[in-house]
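Q: The following block contains the structure, expressed as structure tokens.
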Amino acid sequence: MTHEAAGVSPTVATGVPVAVKKALAFAVIVACLGMQTYAIIRPSGARWYPFLAYPMYSVSHAPGVTYKVDELWARTCDRQPRSWQLTPPMLGYEDEHFLVGLNVTAGDRPAARNYRALLSELALSRITPRPCVLEVRQRSIPTTRAGIDIANLRRPQRTPMWEWRADDPDVVQILSAKTETVP
Amino acid sequence: MRRLIATVDRYWFTPASSRDLALVRILAFGSQTFFFIVFPVARLRSLSQQVAQTHAAVAPYNPLPVLKALLLPWGPWGTIRPGDTFLYATFAVAVVAGVLATVGLLARVSMLCAALANTLLVAHWYSYGDYHHAEALMLIALGVLALSPSAEVWSLDSVLRSRAGHPASPGESVFARWPLLLMQWIIALTYLSAAGSKLVYGGWQWFDGYTMTYHFLRFALQPGHEGAVLAASLPPWMHIVPSIIAILFELTFFVAVLVPRTAWLYVLIGIGFHIVVYETMGIGFFQTIVLYSVFVGSLRLYWPAVLRPPTKRERSSGVGILHTSS
């Protein structure tokens with residue numbers, strides 16, 4: 001059977017033999033399917049990027065689970081202290097995941113200290129007015145059999161967790177677990 | 001052994017439409033160049049953001065292996081960090097080569113350059129500690145298309161070839177099937193991974209409705225997402241059926257590959273699935289929606305007549321679409 005009869009385009013029929021091209025294409029197929037399968041069976045983050053496992057959102061949550069999220073707040077230390085929430089874009093990051101590690105910033109580990117120092121540096125260089133204290137507050141929303149309380153979304157409940165002086169990230173002050181409502 | 005080779009040959013290299021492959025090339029390179037390179041996951045991640053990332057000491061530079069590999073021509077493994085000039089040049093290559101690949105001019109080279117430049121940009125973006133999944137399938141697809149004869153037809157190269165007196169492509173090629181089939185399998189594997197992870201890590205509790213409420217809530221806390229607020233405010237039991245449907249869809253997506261007659265159903269459900277997930281959870285997988293085009297062969301053959309818009313001829317003759325099934 002000629003290549004034309006087999007439906008092979010002329011550019012394929014000329015040059016490299018079709019069998020060799022098929023062998024090369026099959027090598028690509030095996031490599032791609034093999035890497036994708038391996039990345040799924042032995043997940044190792046982005047090591048084989050763009051071949052990835054897809055375990056996102058696979059953790060389950062029990063009935064009555066409370067959603068908790070840590071937020072970074074800045075506070076001034078003048079006569080009338082002002083406080084406001086810092087978002088990743090304010091710190092030069094557009095990725096919302098930048099602040100997901102806040103829950104470890106109270107720790108003594110070097111990584112926690114470095115993260116506090118980094119946040120302080122970013123806040124002091126980018127935020128106006130210049131904050132003197134950075135504070136982690138926790139927002140929590142319980143789920144119930146009836147769903148969530150919309151009012152809790154509109155008037156968030158936040159618990160101050162800990163804070164540190166922006167110019168001295170070595171000292172962390174644990175705050176009382178009082179809950180305040182911020183409009 | 002011969003039988004096995006014949007089976008493999010028949011499965012991957014049966015002559016197929018070059019137009020289907022060309023259509024996927026146009027959609028994949030076109031969308032990547034004109035949309036996703038600027039707005040991946042529907043959020044602006046412009047070049048300036050990437051350049052800012054190279055300067056700021058906001059997170060440790062931890063290059064992905066694929067980035068290290070792509071930067072090998074410029075220095076030893078893992079030692080090179082792209083500067084702003086390098087990123088500007090790569091972005092320019094991605095755009096110019098992407099446009100050329102879309103229109104099919106100098107297609108072999110331009111597709112390869114576009115695929116590599118896009119991979120480099122995305123890998124660089126994800127070399128600062130955080131990575132996402134939405135771009136991964138598209139990058140694989142760009143690479144696979146670059147290695148395939150996807151510009152044999154519907155390309156400026158083919159126009160120039162025919163003007164130069166070369167015979168036109170017959171419209172079918174033994175190499176037109178494997179790229180699309182390969183991407184179908186890779187998409188099916190990713191869905192299988194998603195479903196398997198939910199079953200393994202989440203267990204049966206994943207279906208209790210509270211898990212979905214939790215994920216809706218995460219997105220509802222960000223301002224302006226009323227869809228997520230509404231979904232989170234519903235009683236969790238109302239999320240049980242959608243949870244089951246989501247898992248069933250992911251778990252059985254490979255059926256769309258094995259039984260081409262079902263592909264249209266999976267593609268329609270998949271498009272709806274990803275749009276609803278984006279609206280309620282903020283998880284954008286628009287690249288995957290574009291890549292459903294790899295099912296174009298199955299869709300063309302088995303798309304239900306009742307869902308097909310009437311042709312010009314049918315409209316002018318007044319024949320209803322319900323009577324046009326072949």
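Going through the structure tokens in order, the chains are called A, B, and so on, while each chain numbers its residues from 1 and the ligands are numbered from 1 in the order shown.
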Show me, as JSON, numbers by chain, the residues of chain B whose atoms get within 7 Å of chain A, using only C-alpha atoms for the distance check.
A: {"B": [15, 58, 64, 65, 66, 136, 139, 140, 169, 170, 172, 173, 174, 182, 186, 190, 193, 194, 197, 198, 201, 202, 205, 206, 210, 211, 214, 221, 232, 233, 234, 235, 236]}
Q: Would you mind exporting the chosen residues as a CSV table (one decimal), in the first residue's frame, restricted to N, CA and C atoms?
A:
```
chain,number,residue,atom,x,y,z
B,15,PRO,N,-5.1,6.2,10.4
B,15,PRO,CA,-5.3,7.5,9.7
B,15,PRO,C,-6.5,8.3,10.3
B,58,VAL,N,10.6,38.2,48.5
B,58,VAL,CA,9.4,37.8,49.1
B,58,VAL,C,9.3,36.3,49.5
B,64,LEU,N,11.7,24.9,39.9
B,64,LEU,CA,11.2,23.5,39.6
B,64,LEU,C,12.3,22.8,38.7
B,65,PRO,N,12.3,21.5,38.7
B,65,PRO,CA,13.3,20.8,37.9
B,65,PRO,C,13.1,21.1,36.4
B,66,VAL,N,11.9,21.3,35.9
B,66,VAL,CA,11.7,21.6,34.5
B,66,VAL,C,12.3,23.0,34.2
B,136,ALA,N,-1.0,23.1,33.9
B,136,ALA,CA,-0.1,21.9,33.6
B,136,ALA,C,-0.6,21.2,32.3
B,139,LEU,N,0.3,23.0,29.2
B,139,LEU,CA,1.7,22.9,28.8
B,139,LEU,C,2.1,21.6,28.2
B,140,ILE,N,1.5,20.5,28.7
B,140,ILE,CA,1.7,19.2,28.1
B,140,ILE,C,1.2,19.2,26.7
B,169,SER,N,-2.1,18.6,1.2
B,169,SER,CA,-2.2,17.5,2.2
B,169,SER,C,-3.5,16.8,1.9
B,170,PRO,N,-3.5,15.4,2.0
B,170,PRO,CA,-4.7,14.7,1.7
B,170,PRO,C,-5.8,14.9,2.8
B,172,GLU,N,-5.9,13.7,5.7
B,172,GLU,CA,-5.8,12.6,6.7
B,172,GLU,C,-4.3,12.3,6.9
B,173,SER,N,-4.0,11.8,8.1
B,173,SER,CA,-2.6,11.4,8.4
B,173,SER,C,-2.5,10.3,9.4
B,174,VAL,N,-1.6,9.5,9.3
B,174,VAL,CA,-1.4,8.4,10.3
B,174,VAL,C,-0.9,9.0,11.6
B,182,LEU,N,-3.6,10.8,23.0
B,182,LEU,CA,-2.7,10.9,24.2
B,182,LEU,C,-3.2,12.0,25.2
B,186,ILE,N,-4.4,11.6,29.0
B,186,ILE,CA,-3.8,12.3,30.1
B,186,ILE,C,-4.9,13.1,30.9
B,190,THR,N,-5.8,12.6,34.9
B,190,THR,CA,-5.8,13.6,35.9
B,190,THR,C,-7.2,13.6,36.7
B,193,SER,N,-7.0,10.8,39.1
B,193,SER,CA,-6.2,11.2,40.2
B,193,SER,C,-7.0,12.0,41.2
B,194,ALA,N,-7.8,12.9,40.7
B,194,ALA,CA,-8.6,13.8,41.5
B,194,ALA,C,-9.6,12.9,42.3
B,197,SER,N,-7.9,10.5,44.8
B,197,SER,CA,-7.4,11.3,46.0
B,197,SER,C,-8.5,11.5,47.0
B,198,LYS,N,-9.7,11.9,46.5
B,198,LYS,CA,-10.8,12.1,47.3
B,198,LYS,C,-11.3,10.9,48.1
B,201,TYR,N,-7.9,9.9,50.5
B,201,TYR,CA,-7.7,10.9,51.6
B,201,TYR,C,-8.9,11.3,52.3
B,202,GLY,N,-10.0,11.4,51.6
B,202,GLY,CA,-11.2,11.9,52.2
B,202,GLY,C,-12.2,10.9,52.7
B,205,GLN,N,-16.5,10.2,54.1
B,205,GLN,CA,-16.9,11.5,54.7
B,205,GLN,C,-16.9,12.6,53.7
B,206,TRP,N,-16.1,12.4,52.6
B,206,TRP,CA,-16.0,13.5,51.6
B,206,TRP,C,-17.4,13.8,51.0
B,210,TYR,N,-20.7,18.5,54.3
B,210,TYR,CA,-19.9,19.5,55.1
B,210,TYR,C,-18.6,19.8,54.4
B,211,THR,N,-18.0,18.8,53.7
B,211,THR,CA,-16.8,19.1,53.0
B,211,THR,C,-17.0,20.1,51.9
B,214,TYR,N,-17.5,23.5,53.4
B,214,TYR,CA,-16.2,24.0,53.9
B,214,TYR,C,-15.5,24.7,52.7
B,221,LEU,N,-15.6,33.8,51.8
B,221,LEU,CA,-15.0,34.9,52.6
B,221,LEU,C,-14.4,36.0,51.8
B,232,ALA,N,-22.7,28.1,50.2
B,232,ALA,CA,-22.3,27.8,51.6
B,232,ALA,C,-23.4,27.9,52.6
B,233,SER,N,-24.4,28.7,52.3
B,233,SER,CA,-25.5,28.9,53.2
B,233,SER,C,-26.5,27.8,53.1
B,234,LEU,N,-26.4,27.0,52.1
B,234,LEU,CA,-27.4,25.9,51.9
B,234,LEU,C,-27.1,24.8,53.0
B,235,PRO,N,-28.1,24.0,53.4
B,235,PRO,CA,-27.9,22.9,54.3
B,235,PRO,C,-26.9,21.9,53.7
B,236,PRO,N,-25.9,21.4,54.4
B,236,PRO,CA,-24.9,20.5,53.8
B,236,PRO,C,-25.5,19.3,53.1
```
Q: Find the residues around A:Arg130 up to 8 Å (only C-alpha atoms counted), leave out those fewer than 5 positions away in its own chain, and share them as a ChimeraX atom specification.
A: /A:76,123-124
Q: From stretch 1-171 of chain A, collect each residue whose DSSP state is strand (DSSP E or B) and return the set as a PyMOL selection string.
A: chain A and resi 44+46+66-75+83-86+133-144+147-148+157-165+168-171
Q: Just the residues within 8 Å of stretch 113-128 of chain B, please, counting only C-alpha atoms, with nothing from its chain fewer than 3 positions along; format it as a PyMOL selection string.
A: (chain A and resi 49) or (chain B and resi 29+37+50+53+59-64+66-67+70+87+90-91+93-98+101+109-110+131-132+135+139+142-143+146)
Q: Can I get the selected residues back with C-alpha atoms, as a compact mmCIF listing (two decimals), in the first residue's frame?
A:
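Listed below is the output, part_26.txt:
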```
# COMPACT_ATOMS: atom_id res chain seq x y z
CA TYR A 49 5.81 19.49 36.71
CA PHE B 29 -1.92 27.93 21.02
CA ILE B 37 -0.51 33.89 29.11
CA GLN B 50 6.78 37.96 37.04
CA GLN B 53 8.91 38.34 41.53
CA ALA B 59 9.94 34.07 49.00
CA PRO B 60 12.88 31.77 48.45
CA TYR B 61 13.68 30.95 44.85
CA ASN B 62 13.22 27.22 44.57
CA PRO B 63 13.31 26.41 40.86
CA LEU B 64 11.24 23.53 39.58
CA VAL B 66 11.65 21.62 34.53
CA LEU B 67 12.86 25.22 34.87
CA LEU B 70 15.12 24.70 30.41
CA LEU B 87 11.88 37.16 31.21
CA THR B 90 10.97 34.85 26.94
CA PHE B 91 7.62 36.59 27.08
CA VAL B 93 9.16 34.70 22.28
CA ALA B 94 6.02 33.18 23.83
CA VAL B 95 3.79 35.82 22.25
CA VAL B 96 5.41 35.98 18.81
CA ALA B 97 5.87 32.22 18.51
CA GLY B 98 2.38 31.68 19.91
CA ALA B 101 1.92 28.72 15.88
CA VAL B 109 9.76 25.94 14.97
CA SER B 110 7.17 28.36 16.27
CA TYR B 131 2.24 26.05 42.47
CA HIS B 132 -1.13 25.39 40.87
CA GLU B 135 -1.71 25.36 33.44
CA LEU B 139 1.70 22.93 28.80
CA LEU B 142 1.48 22.48 23.69
CA GLY B 143 4.51 20.20 23.83
CA ALA B 146 4.62 20.86 18.78
```
Q: Give me the residues near B:Ala28 as a PyMOL selection string, where near means some atom within 12 Å (using only C-alpha atoms) and where sequence neighbours in that chain fewer than 4 positions away do not count.
A: chain B and resi 21-24+32-37+98-99+101-103+111+114-115+118+135+137-146+150+180+183+286-294
Q: Name all residues at most 12 Å from A:Gln85 (count only C-alpha atoms; drop same-chain ones fewer than 2 positions away) and give them as a list in words.
A: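 Counting only the stated atoms, we get Asp70, Glu71, Leu72, Trp73, Ala74, Arg75, Arg82, Ser83, Thr87, Pro88, Pro89, Met90, Leu91, Leu99, Ala123, Ile127, Pro131, Val133, Leu134, Glu135, Val136, Arg137, Gln138, Arg139, Arg158 and Val182 of chain A.
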Q: Go ahead and save the residues from that selection, with N, CA and C atoms, as a CSV table (one decimal), in the first residue's frame.
A:
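Just written: result.csv:
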```csv
chain,number,residue,atom,x,y,z
A,70,ASP,N,-6.5,32.4,59.2
A,70,ASP,CA,-5.7,33.5,59.9
A,70,ASP,C,-5.5,34.7,59.0
A,71,GLU,N,-5.6,35.8,59.6
A,71,GLU,CA,-5.5,37.1,58.8
A,71,GLU,C,-4.3,37.9,59.4
A,72,LEU,N,-3.7,38.7,58.6
A,72,LEU,CA,-2.6,39.5,59.1
A,72,LEU,C,-3.2,41.0,59.2
A,73,TRP,N,-3.0,41.6,60.3
A,73,TRP,CA,-3.5,42.9,60.5
A,73,TRP,C,-2.3,43.8,60.9
A,74,ALA,N,-2.4,45.1,60.5
A,74,ALA,CA,-1.4,46.1,60.8
A,74,ALA,C,-2.1,47.1,61.8
A,75,ARG,N,-1.2,47.6,62.7
A,75,ARG,CA,-1.7,48.6,63.7
A,75,ARG,C,-0.7,49.7,63.8
A,82,ARG,N,-4.8,52.9,64.7
A,82,ARG,CA,-5.7,52.4,63.6
A,82,ARG,C,-5.2,51.0,63.3
A,83,SER,N,-6.2,50.2,62.9
A,83,SER,CA,-5.8,48.8,62.5
A,83,SER,C,-6.5,48.5,61.2
A,87,THR,N,-3.6,42.4,53.0
A,87,THR,CA,-3.8,41.4,52.0
A,87,THR,C,-2.5,41.1,51.2
A,88,PRO,N,-2.4,40.0,50.6
A,88,PRO,CA,-1.2,39.7,49.8
A,88,PRO,C,-0.9,40.8,48.8
A,89,PRO,N,-1.8,41.4,48.0
A,89,PRO,CA,-1.5,42.4,47.1
A,89,PRO,C,-0.9,43.6,47.7
A,90,MET,N,-1.3,44.0,49.0
A,90,MET,CA,-0.7,45.1,49.7
A,90,MET,C,0.7,44.9,49.9
A,91,LEU,N,1.1,43.6,50.1
A,91,LEU,CA,2.5,43.3,50.4
A,91,LEU,C,3.3,43.0,49.1
A,99,LEU,N,-0.2,34.1,52.4
A,99,LEU,CA,-0.4,34.3,53.8
A,99,LEU,C,-0.9,33.0,54.5
A,123,ALA,N,5.8,45.0,55.2
A,123,ALA,CA,4.9,45.9,55.7
A,123,ALA,C,5.5,47.3,55.9
A,127,ILE,N,3.7,49.6,53.3
A,127,ILE,CA,2.4,50.1,53.8
A,127,ILE,C,2.4,51.5,54.4
A,131,PRO,N,3.0,50.9,59.9
A,131,PRO,CA,2.5,50.2,61.1
A,131,PRO,C,3.6,50.0,62.1
A,133,VAL,N,2.8,47.6,64.7
A,133,VAL,CA,2.6,46.3,65.2
A,133,VAL,C,1.9,45.4,64.1
A,134,LEU,N,2.3,44.2,64.0
A,134,LEU,CA,1.6,43.3,63.1
A,134,LEU,C,1.0,42.2,63.9
A,135,GLU,N,-0.3,41.9,63.6
A,135,GLU,CA,-1.1,41.1,64.5
A,135,GLU,C,-1.7,40.0,63.6
A,136,VAL,N,-1.8,38.8,64.2
A,136,VAL,CA,-2.5,37.7,63.5
A,136,VAL,C,-3.9,37.5,64.2
A,137,ARG,N,-4.9,37.6,63.4
A,137,ARG,CA,-6.3,37.4,64.0
A,137,ARG,C,-6.9,36.2,63.3
A,138,GLN,N,-7.7,35.5,64.0
A,138,GLN,CA,-8.3,34.3,63.4
A,138,GLN,C,-9.8,34.5,63.3
A,139,ARG,N,-10.2,34.2,62.0
A,139,ARG,CA,-11.6,34.3,61.8
A,139,ARG,C,-12.2,32.9,61.7
A,158,ARG,N,-13.6,37.8,64.9
A,158,ARG,CA,-12.2,37.6,64.8
A,158,ARG,C,-11.6,37.5,66.2
A,182,VAL,N,-15.7,42.9,64.1
A,182,VAL,CA,-15.2,44.1,63.3
A,182,VAL,C,-16.2,44.3,62.2
```
